[in-house]
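S.K.: Have a look at this one.
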Amino acid sequence: MKNVIIGQYIPGSSFFYHIDPRTKIIAVVVLMVATFLLETIWQVLIGFGIALILIIAGRVPIRKIVKGLKPLYVLLLFTLVFQIAFNRVGTIVLDATMQISPFSILFMIAATIIWRLLASFKKFSLLLFFAYLVGLFFIMKNLAFSPLWTTWQLTIYDQGLIMSGFVIIRLLIIITLSTVLTLTTKPTELTQGLESLLRPLKAIGLNSEDFALIISISLRYIPTILDEANKIMNAQASRGADFAEGRLKDKVVQVISLLVPMFIIAFKRSEELADAMESRNFVPGKPRTRIHDLKFNYRDLITTVITVLCLAGSILVKVL
Amino acid sequence: MGIQFKEVSFQYPGWGKQFFEALKDISLTINDKDEFIALVGETGSGKSTLAQHMNALIFPTSGTVEINGVPITAKRNKKIKYNSIRQQIGLVFQFPEYQLFEETVEKDIMFGPKNFRVPEEEAREMAKKALNMVGLSDKYLTRNPFNLSGGEKKRVSIAGILAMNPKILILDEPTSGLDPAGKKLLMNLFKSIQKETGKTIIIITHDMDLVYEYTNRVLVLNEGMLEFDGTPDYLFHRHDIDKWHLDYPATISVLRSINDKFHYNLDIYQKTIDAAVSTIAKAVQS
Ligand SMILES: Nc1ncnc2c1ncn2[C@@H]1O[C@H](COP(=O)(O)OP(=O)(O)OP(=O)(O)O)[C@@H](O)[C@H]1O
Ligand SMILES: [Mg+2]
């Protein structure tokens with residue numbers, strides 16, 4: 001089976017790994033709230049600086065965090081473009097006439113091709129993309145010879161830039177915080193922490209223990225089920241249902257030939273698991289002990305103090 | 001033609017950078033005619049992994065598997081029609097649950113032939129014939145495969161491969177979980193298929209009695225290495241097979257202890273119970 005690591009947890013032993021999951025969850029939530037209290041670009045920059053210091057101190061691999069940001073590139077870019085194009089506050093930093101002509105279209109196509117060709121250097125993909133955008137800008141500004149098709153005015157105000165920086169950095173802080181949480185906490189610990197935190201909700205009928213049990217069993221069985229899917233796929237492939245070959249119509253039948261045994265086996269497995277649990281005296285809803293009890297230690301104290309300081313700081317700058 | 005392994009190694013990926021080396025440097029040739037091969041070895045020795053190489057379900061990490069002239073290497077090759085390889089080499093899986101999915105036994109057995117473009121009516125005929133071959137009557141055709149017993153499922157899954165009429169037939173523990181009569185019936189079926197059509201048949205099994213009685217070649221795997229390739233007679237004449245975690249067939253064990261206890265000098269290498277009994281009878285009478 002392909003390597004499947006559920007969640008983003010990477011084993012390690014630095015400070016963050018030894019904090020009680022409950023402390024971590026609450027700290028992350030509180031720090032996120034604190035981040036949203038900040039109002040100026042300088043404040044979020046300082047916040048980002050603090051987040052960076054914490055990450056480096058906790059020896060969390062920055063590479064992993066950057067990786068965690070990948071799915072959000074589009075969102076970040078959209079924010080940037082939106083702010084730059086529509087924010088009309090402050091002083092003008094750039095006012096350029098953009099022109100489009102058959103020539104510039106040709107240049108743009110060429111630039112796009114070059115960009116896609118270079119895109120195989122995955123490491124610099126973001127940098128390349130920005131270079132591509134700058135290139136487009138340059139082409140439209142300077143390389144449009146007649147006959148012109150259209151012209152338009154690109155006006156950028158300084159507040160647009162500052163606001164987009166503000167929004168992006170705030171987003172970065174929040175993502176960094178949640179990534180640190182998921183990188184340094186096992187999924188099982190997370191659910192255990194959540195369960196413990198949600199326990200008071202029993203009063204309104206939400207049983208956090210059942211909830212946590214469901215989540216941890218699901219997590220436990222994801223690799224098993226993937227493994228099983230692989231076996232079924234092989235068994236069907238040996239009867240001529242290779243997913244990589246065949247026509248679309250055949251593929252539909254082949255997907256069914258995969259899904260049906262998967263469901264049957266999953267149901268059977270869950271029934272067996274239920275029997276196995278009951279035969280070992282599991283009674284739903286009854287209190288249970290655990291192997292790893294959650295315990296607070298001095299690290300939780302340090303975390304709490306830092307968190308409270310951050311929150312107090314951001315409340316202070318808001319009020320003052 | 002047939003199947004050639006050339007220095008084949010295979011690793012299962014594990015967590016992170018770890019991996020598990022399931023096959024180590026295996027070279028071997030299997031003819032596509034007139035072989036009845038047993039693949040034996042202790043649990044986890046790599047038998048199922050080796051079998052899945054034989055119809056290109058998994059690709060070697062290094063080395064080449066040549067199947068009917070088509071070389072299979074680590075990389076998937078767009079030019080190779082893997083499906084047609086799998087039509088030629090039928091593999092019955094160890095666990096039938098992974099294979100059955102249709103709502104009736106008939107449809108399930110027809111799945112293979114239909115994938116290989118056999119017309120509907122012909123496939124239906126084949127399904128019925130294959131089902132009867134494995135000892136199940138026509139009334140099973142309309143049964144739901146999921147409601148069958150373990151042994152019945154096993155037989156249906158074997159029928160599903162038989163219906164494809166492959167040139168080489170590989171069966172991963174076909175007799176596990178079957179009653180003695182069913183075991184005999186299936187082994188005799190494989191034997192008669194082998195005799196009548198000359199197809200090569202490969203069975204994976206832990207049952208040395210079957211190995212000795214039916215097959216004419218044994219491959220012994222131990223910790224992913226091919227330790228022995230030869231006739232069962234030659235294998236069981238050795239005195240060190242327990243280093244591969246193998247046992248002797250019941251006939252040999254019994255006759256050997258009779259020789260030891262009563263100081264007879266019987267020929268202990270008898271393939272069947274009947275032959276062993278008549279050897280003993282002869283000794284007692286004289
Ligand atoms: N999907 C997999 N991922 C990782 N390791 C595997 C996988 N399948 C099998 N293995 C390992 O490879 C080794 C060989 O497995 P294989 O299934 O080929 O054994 P086997 O000889 O068929 O055993 P058995 O007699 O129990 O069927 C085993 O040690 C097993 O743990
Ligand atoms: Mg096996």
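In the structure tokens, the first chain shown is A, the next is B, and so on; residue numbers restart at 1 for each chain, and ligands run from 1 in the order shown.
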I'd like the contact shell of segment 67-75 of chain A - 9 Å cut-off, only C-alpha atoms, skipping same-chain residues fewer than 2 positions apart - returned as a list in words.
M.R.: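 Answer for this query is Gln8, Ile62, Arg63, Lys64, Ile65, Leu77, Phe78, Thr79, Leu80, Leu126, Leu172, Ile175, Thr176 and Thr179 of chain A.
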S.K.: Could those residues be written to a file, using N, CA and C atoms, as a PDB file, in the first residue's frame?
M.R.:
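What follows is the written file again_14.pdb:
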ATOM      1  N   GLN A   8      -1.410  14.954   9.795  1.00  0.00           N
ATOM      2  CA  GLN A   8      -0.102  15.406   9.351  1.00  0.00           C
ATOM      3  C   GLN A   8       0.943  15.130  10.400  1.00  0.00           C
ATOM      4  N   ILE A  62       9.952  23.942   9.208  1.00  0.00           N
ATOM      5  CA  ILE A  62       9.239  24.998   8.486  1.00  0.00           C
ATOM      6  C   ILE A  62       8.786  24.515   7.113  1.00  0.00           C
ATOM      7  N   ARG A  63       9.598  23.615   6.545  1.00  0.00           N
ATOM      8  CA  ARG A  63       9.248  23.046   5.248  1.00  0.00           C
ATOM      9  C   ARG A  63       7.842  22.448   5.264  1.00  0.00           C
ATOM     10  N   LYS A  64       7.548  21.754   6.369  1.00  0.00           N
ATOM     11  CA  LYS A  64       6.235  21.095   6.477  1.00  0.00           C
ATOM     12  C   LYS A  64       5.116  22.129   6.535  1.00  0.00           C
ATOM     13  N   ILE A  65       5.406  23.235   7.215  1.00  0.00           N
ATOM     14  CA  ILE A  65       4.377  24.262   7.331  1.00  0.00           C
ATOM     15  C   ILE A  65       4.125  24.903   5.974  1.00  0.00           C
ATOM     16  N   LEU A  77      -3.622  34.385  -3.260  1.00  0.00           N
ATOM     17  CA  LEU A  77      -3.492  35.127  -4.506  1.00  0.00           C
ATOM     18  C   LEU A  77      -4.744  35.944  -4.777  1.00  0.00           C
ATOM     19  N   PHE A  78      -5.885  35.321  -4.551  1.00  0.00           N
ATOM     20  CA  PHE A  78      -7.158  35.984  -4.773  1.00  0.00           C
ATOM     21  C   PHE A  78      -7.256  37.230  -3.885  1.00  0.00           C
ATOM     22  N   THR A  79      -6.857  37.054  -2.607  1.00  0.00           N
ATOM     23  CA  THR A  79      -6.871  38.192  -1.688  1.00  0.00           C
ATOM     24  C   THR A  79      -6.020  39.336  -2.225  1.00  0.00           C
ATOM     25  N   LEU A  80      -4.841  38.976  -2.672  1.00  0.00           N
ATOM     26  CA  LEU A  80      -3.907  39.966  -3.187  1.00  0.00           C
ATOM     27  C   LEU A  80      -4.521  40.724  -4.367  1.00  0.00           C
ATOM     28  N   LEU A 126       6.283  28.966  -6.791  1.00  0.00           N
ATOM     29  CA  LEU A 126       5.618  30.204  -6.388  1.00  0.00           C
ATOM     30  C   LEU A 126       6.361  31.421  -6.958  1.00  0.00           C
ATOM     31  N   LEU A 172      -1.659  33.733   7.367  1.00  0.00           N
ATOM     32  CA  LEU A 172      -0.456  32.921   7.580  1.00  0.00           C
ATOM     33  C   LEU A 172      -0.332  32.518   9.044  1.00  0.00           C
ATOM     34  N   ILE A 175      -2.921  29.815   9.901  1.00  0.00           N
ATOM     35  CA  ILE A 175      -2.590  28.497   9.337  1.00  0.00           C
ATOM     36  C   ILE A 175      -1.383  27.891  10.028  1.00  0.00           C
ATOM     37  N   THR A 176      -0.405  28.743  10.318  1.00  0.00           N
ATOM     38  CA  THR A 176       0.776  28.240  11.016  1.00  0.00           C
ATOM     39  C   THR A 176       0.383  27.630  12.358  1.00  0.00           C
ATOM     40  N   THR A 179      -1.367  24.365  11.854  1.00  0.00           N
ATOM     41  CA  THR A 179      -0.453  23.339  11.353  1.00  0.00           C
ATOM     42  C   THR A 179       0.445  22.817  12.465  1.00  0.00           C
TER      43      THR A 179
END
S.K.: At a cut-off of 7 Å, list the chain A residues touching chain B, using only C-alpha atoms, as JSON, numbers by chain.
M.R.: {"A": [1, 2, 3, 231, 232, 234, 235, 236, 238, 239, 240, 241, 242, 257, 260, 261]}
S.K.: Using only C-alpha atoms and all ligand atoms, which protein or nucleic acid residues are at most 10 Å from ligand 2, as a list in words?
M.R.: Val40, Gly41, Glu42, Thr43, Gly44, Ser45, Gly46, Lys47, Ser48, Thr49, Leu50, Ala51, Gln52, Phe93, Gln94, Phe95, Asp172, Glu173, Ile204 and Thr205 of chain B
S.K.: Enumerate as a PyMOL selection string all residues of segment 136-265 of chain B assigned to helix (DSSP H, G or I) by DSSP on the backbone, naming them with the chain letters and numbers the document uses.
M.R.: chain B and resi 138-140+145-147+150-162+180-197+208-214+232-237+241-244+250-262
S.K.: Find, counting only C-alpha atoms, the residue in B:Gly63, B:Pro166, B:Pro174, B:Gly69 that gets nearest to Lys153 of chain B.
M.R.: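 Among the listed residues, the smallest separation from Lys153 of chain B belongs to B:Pro174.
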S.K.: Of the candidates A:Asp227, A:Asn297, A:Ile100, A:Met262, which one gets nearest to ligand 1 if we count only C-alpha atoms and all ligand atoms?
M.R.: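 Between A:Asp227, A:Asn297, A:Ile100, A:Met262, the residue approaching ligand 1 most closely is A:Asp227.
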S.K.: Within 9 Å of segment 56-59 of chain A, counting only C-alpha atoms, which residues show up once you throw out same-chain ones fewer than 5 positions away? Write them as a ChimeraX atom specification, please.
M.R.: /A:14-17,51
S.K.: Those residues with N, CA, C and O atoms, as a PDB file, in the first residue's frame please?
M.R.:
ATOM      1  N   SER A  14      10.126  17.481  20.601  1.00  0.00           N
ATOM      2  CA  SER A  14      10.407  18.820  21.118  1.00  0.00           C
ATOM      3  C   SER A  14       9.298  19.255  22.081  1.00  0.00           C
ATOM      4  O   SER A  14       8.345  18.528  22.338  1.00  0.00           O
ATOM      5  N   PHE A  15       9.452  20.467  22.575  1.00  0.00           N
ATOM      6  CA  PHE A  15       8.535  21.042  23.567  1.00  0.00           C
ATOM      7  C   PHE A  15       7.064  20.801  23.225  1.00  0.00           C
ATOM      8  O   PHE A  15       6.294  20.310  24.047  1.00  0.00           O
ATOM      9  N   PHE A  16       6.685  21.140  21.981  1.00  0.00           N
ATOM     10  CA  PHE A  16       5.268  21.079  21.614  1.00  0.00           C
ATOM     11  C   PHE A  16       4.683  19.676  21.749  1.00  0.00           C
ATOM     12  O   PHE A  16       3.496  19.511  21.963  1.00  0.00           O
ATOM     13  N   TYR A  17       5.544  18.669  21.599  1.00  0.00           N
ATOM     14  CA  TYR A  17       5.030  17.304  21.627  1.00  0.00           C
ATOM     15  C   TYR A  17       4.589  16.891  23.019  1.00  0.00           C
ATOM     16  O   TYR A  17       3.826  15.955  23.183  1.00  0.00           O
ATOM     17  N   ALA A  51       5.053  34.106  16.209  1.00  0.00           N
ATOM     18  CA  ALA A  51       4.732  32.742  15.745  1.00  0.00           C
ATOM     19  C   ALA A  51       5.988  32.066  15.211  1.00  0.00           C
ATOM     20  O   ALA A  51       6.260  30.899  15.530  1.00  0.00           O
TER      21      ALA A  51
END
S.K.: Using only C-alpha atoms, can you tell me which of B:Leu185, B:Leu255, B:Val105, B:Ala281 comes closest to Asn147 of chain B?
M.R.: B:Val105
S.K.: Counting only C-alpha atoms and all ligand atoms, which of B:Val211, B:Ala22, B:Leu226, B:Leu162 gets nearest to ligand 1?
M.R.: B:Ala22
S.K.: Out of segment 53-220 of chain B, which residues get strand (DSSP E) from DSSP, as a PDB file with N, CA, C and O atoms, in the first residue's frame?
M.R.:
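Generated output (result.pdb):
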ATOM      1  N   SER B  62      13.092  -4.934  -8.614  1.00  0.00           N
ATOM      2  CA  SER B  62      14.207  -5.036  -9.560  1.00  0.00           C
ATOM      3  C   SER B  62      14.143  -6.395 -10.222  1.00  0.00           C
ATOM      4  O   SER B  62      13.534  -7.324  -9.698  1.00  0.00           O
ATOM      5  N   GLY B  63      14.776  -6.514 -11.380  1.00  0.00           N
ATOM      6  CA  GLY B  63      14.698  -7.757 -12.130  1.00  0.00           C
ATOM      7  C   GLY B  63      13.530  -7.732 -13.104  1.00  0.00           C
ATOM      8  O   GLY B  63      12.827  -6.727 -13.219  1.00  0.00           O
ATOM      9  N   THR B  64      13.364  -8.837 -13.821  1.00  0.00           N
ATOM     10  CA  THR B  64      12.328  -8.907 -14.846  1.00  0.00           C
ATOM     11  C   THR B  64      11.516 -10.186 -14.696  1.00  0.00           C
ATOM     12  O   THR B  64      12.069 -11.242 -14.421  1.00  0.00           O
ATOM     13  N   VAL B  65      10.218 -10.071 -14.887  1.00  0.00           N
ATOM     14  CA  VAL B  65       9.387 -11.254 -15.018  1.00  0.00           C
ATOM     15  C   VAL B  65       8.931 -11.288 -16.467  1.00  0.00           C
ATOM     16  O   VAL B  65       8.316 -10.332 -16.941  1.00  0.00           O
ATOM     17  N   GLU B  66       9.255 -12.355 -17.157  1.00  0.00           N
ATOM     18  CA  GLU B  66       8.832 -12.426 -18.547  1.00  0.00           C
ATOM     19  C   GLU B  66       7.649 -13.375 -18.643  1.00  0.00           C
ATOM     20  O   GLU B  66       7.764 -14.558 -18.343  1.00  0.00           O
ATOM     21  N   ILE B  67       6.501 -12.844 -19.028  1.00  0.00           N
ATOM     22  CA  ILE B  67       5.293 -13.651 -19.091  1.00  0.00           C
ATOM     23  C   ILE B  67       4.905 -13.851 -20.544  1.00  0.00           C
ATOM     24  O   ILE B  67       4.545 -12.891 -21.225  1.00  0.00           O
ATOM     25  N   VAL B  70       6.428 -11.393 -22.744  1.00  0.00           N
ATOM     26  CA  VAL B  70       6.292  -9.970 -22.441  1.00  0.00           C
ATOM     27  C   VAL B  70       7.075  -9.646 -21.169  1.00  0.00           C
ATOM     28  O   VAL B  70       6.809 -10.222 -20.119  1.00  0.00           O
ATOM     29  N   PRO B  71       8.045  -8.758 -21.271  1.00  0.00           N
ATOM     30  CA  PRO B  71       8.834  -8.455 -20.069  1.00  0.00           C
ATOM     31  C   PRO B  71       8.118  -7.480 -19.142  1.00  0.00           C
ATOM     32  O   PRO B  71       7.651  -6.425 -19.575  1.00  0.00           O
ATOM     33  N   ILE B  72       8.022  -7.856 -17.876  1.00  0.00           N
ATOM     34  CA  ILE B  72       7.413  -6.981 -16.877  1.00  0.00           C
ATOM     35  C   ILE B  72       8.534  -6.483 -15.975  1.00  0.00           C
ATOM     36  O   ILE B  72       9.232  -7.276 -15.359  1.00  0.00           O
ATOM     37  N   ILE B  89      -2.964 -15.920 -17.775  1.00  0.00           N
ATOM     38  CA  ILE B  89      -2.529 -16.472 -16.499  1.00  0.00           C
ATOM     39  C   ILE B  89      -3.634 -16.230 -15.478  1.00  0.00           C
ATOM     40  O   ILE B  89      -3.807 -15.115 -14.992  1.00  0.00           O
ATOM     41  N   GLY B  90      -4.389 -17.254 -15.146  1.00  0.00           N
ATOM     42  CA  GLY B  90      -5.485 -17.075 -14.197  1.00  0.00           C
ATOM     43  C   GLY B  90      -4.993 -17.253 -12.775  1.00  0.00           C
ATOM     44  O   GLY B  90      -4.329 -18.226 -12.458  1.00  0.00           O
ATOM     45  N   LEU B  91      -5.297 -16.275 -11.920  1.00  0.00           N
ATOM     46  CA  LEU B  91      -4.866 -16.365 -10.522  1.00  0.00           C
ATOM     47  C   LEU B  91      -6.077 -16.346  -9.603  1.00  0.00           C
ATOM     48  O   LEU B  91      -6.876 -15.414  -9.638  1.00  0.00           O
ATOM     49  N   VAL B  92      -6.232 -17.402  -8.809  1.00  0.00           N
ATOM     50  CA  VAL B  92      -7.303 -17.424  -7.810  1.00  0.00           C
ATOM     51  C   VAL B  92      -6.721 -16.955  -6.490  1.00  0.00           C
ATOM     52  O   VAL B  92      -5.726 -17.500  -6.013  1.00  0.00           O
ATOM     53  N   ILE B 168      -2.345 -20.760 -18.079  1.00  0.00           N
ATOM     54  CA  ILE B 168      -1.706 -21.238 -16.856  1.00  0.00           C
ATOM     55  C   ILE B 168      -2.627 -20.878 -15.702  1.00  0.00           C
ATOM     56  O   ILE B 168      -3.190 -19.783 -15.665  1.00  0.00           O
ATOM     57  N   LEU B 169      -2.795 -21.820 -14.787  1.00  0.00           N
ATOM     58  CA  LEU B 169      -3.732 -21.612 -13.695  1.00  0.00           C
ATOM     59  C   LEU B 169      -2.948 -21.576 -12.384  1.00  0.00           C
ATOM     60  O   LEU B 169      -2.203 -22.499 -12.072  1.00  0.00           O
ATOM     61  N   ILE B 170      -3.108 -20.496 -11.628  1.00  0.00           N
ATOM     62  CA  ILE B 170      -2.420 -20.381 -10.345  1.00  0.00           C
ATOM     63  C   ILE B 170      -3.472 -20.302  -9.245  1.00  0.00           C
ATOM     64  O   ILE B 170      -4.396 -19.489  -9.318  1.00  0.00           O
ATOM     65  N   LEU B 171      -3.348 -21.144  -8.235  1.00  0.00           N
ATOM     66  CA  LEU B 171      -4.353 -21.170  -7.182  1.00  0.00           C
ATOM     67  C   LEU B 171      -3.678 -20.950  -5.828  1.00  0.00           C
ATOM     68  O   LEU B 171      -2.828 -21.734  -5.418  1.00  0.00           O
ATOM     69  N   ASP B 172      -4.054 -19.865  -5.168  1.00  0.00           N
ATOM     70  CA  ASP B 172      -3.466 -19.549  -3.870  1.00  0.00           C
ATOM     71  C   ASP B 172      -4.275 -20.225  -2.778  1.00  0.00           C
ATOM     72  O   ASP B 172      -5.389 -19.810  -2.469  1.00  0.00           O
ATOM     73  N   THR B 200      -0.345 -25.787 -17.556  1.00  0.00           N
ATOM     74  CA  THR B 200       0.439 -25.765 -16.324  1.00  0.00           C
ATOM     75  C   THR B 200      -0.436 -25.272 -15.180  1.00  0.00           C
ATOM     76  O   THR B 200      -1.175 -24.307 -15.338  1.00  0.00           O
ATOM     77  N   ILE B 201      -0.359 -25.982 -14.047  1.00  0.00           N
ATOM     78  CA  ILE B 201      -1.121 -25.566 -12.873  1.00  0.00           C
ATOM     79  C   ILE B 201      -0.157 -25.356 -11.717  1.00  0.00           C
ATOM     80  O   ILE B 201       0.757 -26.160 -11.500  1.00  0.00           O
ATOM     81  N   ILE B 202      -0.338 -24.254 -11.019  1.00  0.00           N
ATOM     82  CA  ILE B 202       0.511 -23.960  -9.854  1.00  0.00           C
ATOM     83  C   ILE B 202      -0.398 -23.826  -8.646  1.00  0.00           C
ATOM     84  O   ILE B 202      -1.349 -23.036  -8.679  1.00  0.00           O
ATOM     85  N   ILE B 203      -0.150 -24.617  -7.609  1.00  0.00           N
ATOM     86  CA  ILE B 203      -0.949 -24.411  -6.402  1.00  0.00           C
ATOM     87  C   ILE B 203      -0.031 -24.019  -5.249  1.00  0.00           C
ATOM     88  O   ILE B 203       1.091 -24.489  -5.114  1.00  0.00           O
ATOM     89  N   ILE B 204      -0.563 -23.094  -4.448  1.00  0.00           N
ATOM     90  CA  ILE B 204       0.123 -22.731  -3.210  1.00  0.00           C
ATOM     91  C   ILE B 204      -0.581 -23.508  -2.116  1.00  0.00           C
ATOM     92  O   ILE B 204      -1.811 -23.532  -2.058  1.00  0.00           O
ATOM     93  N   ARG B 217       6.473 -30.962  -9.377  1.00  0.00           N
ATOM     94  CA  ARG B 217       7.581 -30.024  -9.145  1.00  0.00           C
ATOM     95  C   ARG B 217       7.237 -29.186  -7.916  1.00  0.00           C
ATOM     96  O   ARG B 217       6.086 -28.795  -7.736  1.00  0.00           O
ATOM     97  N   VAL B 218       8.225 -28.947  -7.088  1.00  0.00           N
ATOM     98  CA  VAL B 218       7.988 -28.141  -5.886  1.00  0.00           C
ATOM     99  C   VAL B 218       8.938 -26.955  -5.861  1.00  0.00           C
ATOM    100  O   VAL B 218      10.120 -27.094  -6.160  1.00  0.00           O
ATOM    101  N   LEU B 219       8.388 -25.784  -5.523  1.00  0.00           N
ATOM    102  CA  LEU B 219       9.219 -24.611  -5.268  1.00  0.00           C
ATOM    103  C   LEU B 219       9.107 -24.295  -3.786  1.00  0.00           C
ATOM    104  O   LEU B 219       8.007 -24.186  -3.265  1.00  0.00           O
ATOM    105  N   VAL B 220      10.224 -24.186  -3.108  1.00  0.00           N
ATOM    106  CA  VAL B 220      10.191 -23.874  -1.687  1.00  0.00           C
ATOM    107  C   VAL B 220      10.681 -22.446  -1.474  1.00  0.00           C
ATOM    108  O   VAL B 220      11.795 -22.099  -1.869  1.00  0.00           O
TER     109      VAL B 220
END
S.K.: Could you tell me how far atom CA of Leu183 of chain A lies from atom CA of Ile10 of chain A, in Å and to one decimal?
M.R.: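 So the answer is 5.7 Å.
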S.K.: Quick one: of B:Leu266, B:Leu210, B:Leu131, B:Met225, who's nearest to ligand 1, counting only C-alpha atoms and all ligand atoms?
M.R.: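 Nearest to ligand 1: B:Met225.
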S.K.: Find, counting only C-alpha atoms and all ligand atoms, the residue in A:Arg288, A:Gly313, A:Ile265, A:Ala229 that gets nearest to ligand 1.
M.R.: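 For ligand 1, the nearest of the candidates is A:Ala229.
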S.K.: Please provide as a list in words all residues within 8 Å of segment 195-212 of chain A, with the sequence filter that same-chain residues fewer than 6 positions apart are discarded (counting only C-alpha atoms).
M.R.: Arg22, Pro284 and Gly285 of chain A
S.K.: What is the distance, in Å and to one decimal place, between atom CA of Gln4 of chain B and atom CA of Ser27 of chain B?
M.R.: 7.4 Å
S.K.: Would you mind reading off the distance between atom CA of Ile84 of chain A and atom CA of Gly160 of chain A, one decimal, in Å?
M.R.: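 Separating atom CA of Ile84 of chain A from atom CA of Gly160 of chain A is a distance of 4.9 Å.
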S.K.: Which residues, written as an NGL selection string, have at least one atom at most 12 Å from Gly135 of chain B, with only C-alpha atoms counted and residues fewer than 3 positions away on the same chain left out?
M.R.: :B and (128-132 or 138-140 or 151-152 or 154-156 or 158-159 or 178 or 181-189)
S.K.: May I have the residues from that selection written out with N, CA and C atoms, as an mmCIF file, in the first residue's frame?
M.R.:
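Output contents, as saved in out30.cif:
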data_model
loop_
_atom_site.group_PDB
_atom_site.id
_atom_site.type_symbol
_atom_site.label_atom_id
_atom_site.label_comp_id
_atom_site.auth_asym_id
_atom_site.auth_seq_id
_atom_site.Cartn_x
_atom_site.Cartn_y
_atom_site.Cartn_z
ATOM 1 N N LYS B 128 -21.797 -21.813 -16.126
ATOM 2 C CA LYS B 128 -22.483 -23.004 -15.646
ATOM 3 C C LYS B 128 -21.508 -24.180 -15.597
ATOM 4 N N LYS B 129 -20.735 -24.303 -16.665
ATOM 5 C CA LYS B 129 -19.791 -25.411 -16.738
ATOM 6 C C LYS B 129 -18.749 -25.321 -15.619
ATOM 7 N N ALA B 130 -18.227 -24.111 -15.424
ATOM 8 C CA ALA B 130 -17.192 -23.922 -14.402
ATOM 9 C C ALA B 130 -17.741 -24.222 -13.014
ATOM 10 N N LEU B 131 -18.988 -23.814 -12.789
ATOM 11 C CA LEU B 131 -19.598 -24.052 -11.478
ATOM 12 C C LEU B 131 -19.736 -25.545 -11.209
ATOM 13 N N ASN B 132 -20.186 -26.276 -12.244
ATOM 14 C CA ASN B 132 -20.317 -27.724 -12.074
ATOM 15 C C ASN B 132 -18.959 -28.383 -11.844
ATOM 16 N N ASP B 138 -26.372 -26.532 -10.353
ATOM 17 C CA ASP B 138 -26.938 -25.365 -11.032
ATOM 18 C C ASP B 138 -27.746 -24.468 -10.110
ATOM 19 N N LYS B 139 -28.257 -25.042 -9.027
ATOM 20 C CA LYS B 139 -29.124 -24.206 -8.185
ATOM 21 C C LYS B 139 -28.332 -23.083 -7.500
ATOM 22 N N TYR B 140 -27.015 -23.174 -7.510
ATOM 23 C CA TYR B 140 -26.214 -22.097 -6.929
ATOM 24 C C TYR B 140 -26.134 -20.886 -7.854
ATOM 25 N N GLY B 151 -16.483 -22.235 2.311
ATOM 26 C CA GLY B 151 -16.052 -23.205 1.318
ATOM 27 C C GLY B 151 -16.744 -22.999 -0.018
ATOM 28 N N GLU B 152 -18.032 -22.651 0.050
ATOM 29 C CA GLU B 152 -18.768 -22.406 -1.198
ATOM 30 C C GLU B 152 -18.227 -21.176 -1.918
ATOM 31 N N LYS B 154 -15.226 -20.070 -1.767
ATOM 32 C CA LYS B 154 -13.941 -20.467 -2.330
ATOM 33 C C LYS B 154 -14.148 -21.130 -3.693
ATOM 34 N N ARG B 155 -15.111 -22.048 -3.728
ATOM 35 C CA ARG B 155 -15.348 -22.763 -4.991
ATOM 36 C C ARG B 155 -15.845 -21.812 -6.070
ATOM 37 N N VAL B 156 -16.730 -20.887 -5.687
ATOM 38 C CA VAL B 156 -17.225 -19.940 -6.691
ATOM 39 C C VAL B 156 -16.076 -19.083 -7.227
ATOM 40 N N ILE B 158 -12.998 -19.907 -7.464
ATOM 41 C CA ILE B 158 -12.202 -20.732 -8.382
ATOM 42 C C ILE B 158 -12.915 -20.863 -9.729
ATOM 43 N N ALA B 159 -14.231 -21.074 -9.667
ATOM 44 C CA ALA B 159 -15.002 -21.179 -10.911
ATOM 45 C C ALA B 159 -14.863 -19.905 -11.741
ATOM 46 N N LEU B 178 -11.721 -26.066 3.143
ATOM 47 C CA LEU B 178 -12.675 -26.976 2.490
ATOM 48 C C LEU B 178 -12.764 -28.282 3.272
ATOM 49 N N ALA B 181 -13.819 -34.006 1.433
ATOM 50 C CA ALA B 181 -14.351 -34.418 0.129
ATOM 51 C C ALA B 181 -14.122 -33.313 -0.903
ATOM 52 N N GLY B 182 -14.367 -32.082 -0.479
ATOM 53 C CA GLY B 182 -14.194 -30.955 -1.392
ATOM 54 C C GLY B 182 -12.747 -30.812 -1.818
ATOM 55 N N LYS B 183 -11.864 -31.033 -0.859
ATOM 56 C CA LYS B 183 -10.438 -30.962 -1.131
ATOM 57 C C LYS B 183 -10.076 -31.951 -2.235
ATOM 58 N N LYS B 184 -10.540 -33.198 -2.030
ATOM 59 C CA LYS B 184 -10.223 -34.259 -2.987
ATOM 60 C C LYS B 184 -10.781 -33.931 -4.355
ATOM 61 N N LEU B 185 -12.051 -33.474 -4.335
ATOM 62 C CA LEU B 185 -12.712 -33.166 -5.603
ATOM 63 C C LEU B 185 -11.928 -32.116 -6.379
ATOM 64 N N LEU B 186 -11.523 -31.044 -5.670
ATOM 65 C CA LEU B 186 -10.815 -29.974 -6.363
ATOM 66 C C LEU B 186 -9.457 -30.444 -6.866
ATOM 67 N N MET B 187 -8.738 -31.170 -6.017
ATOM 68 C CA MET B 187 -7.414 -31.615 -6.450
ATOM 69 C C MET B 187 -7.526 -32.526 -7.663
ATOM 70 N N ASN B 188 -8.546 -33.410 -7.638
ATOM 71 C CA ASN B 188 -8.734 -34.282 -8.800
ATOM 72 C C ASN B 188 -9.130 -33.484 -10.028
ATOM 73 N N LEU B 189 -9.906 -32.422 -9.776
ATOM 74 C CA LEU B 189 -10.287 -31.551 -10.891
ATOM 75 C C LEU B 189 -9.043 -30.914 -11.524
#
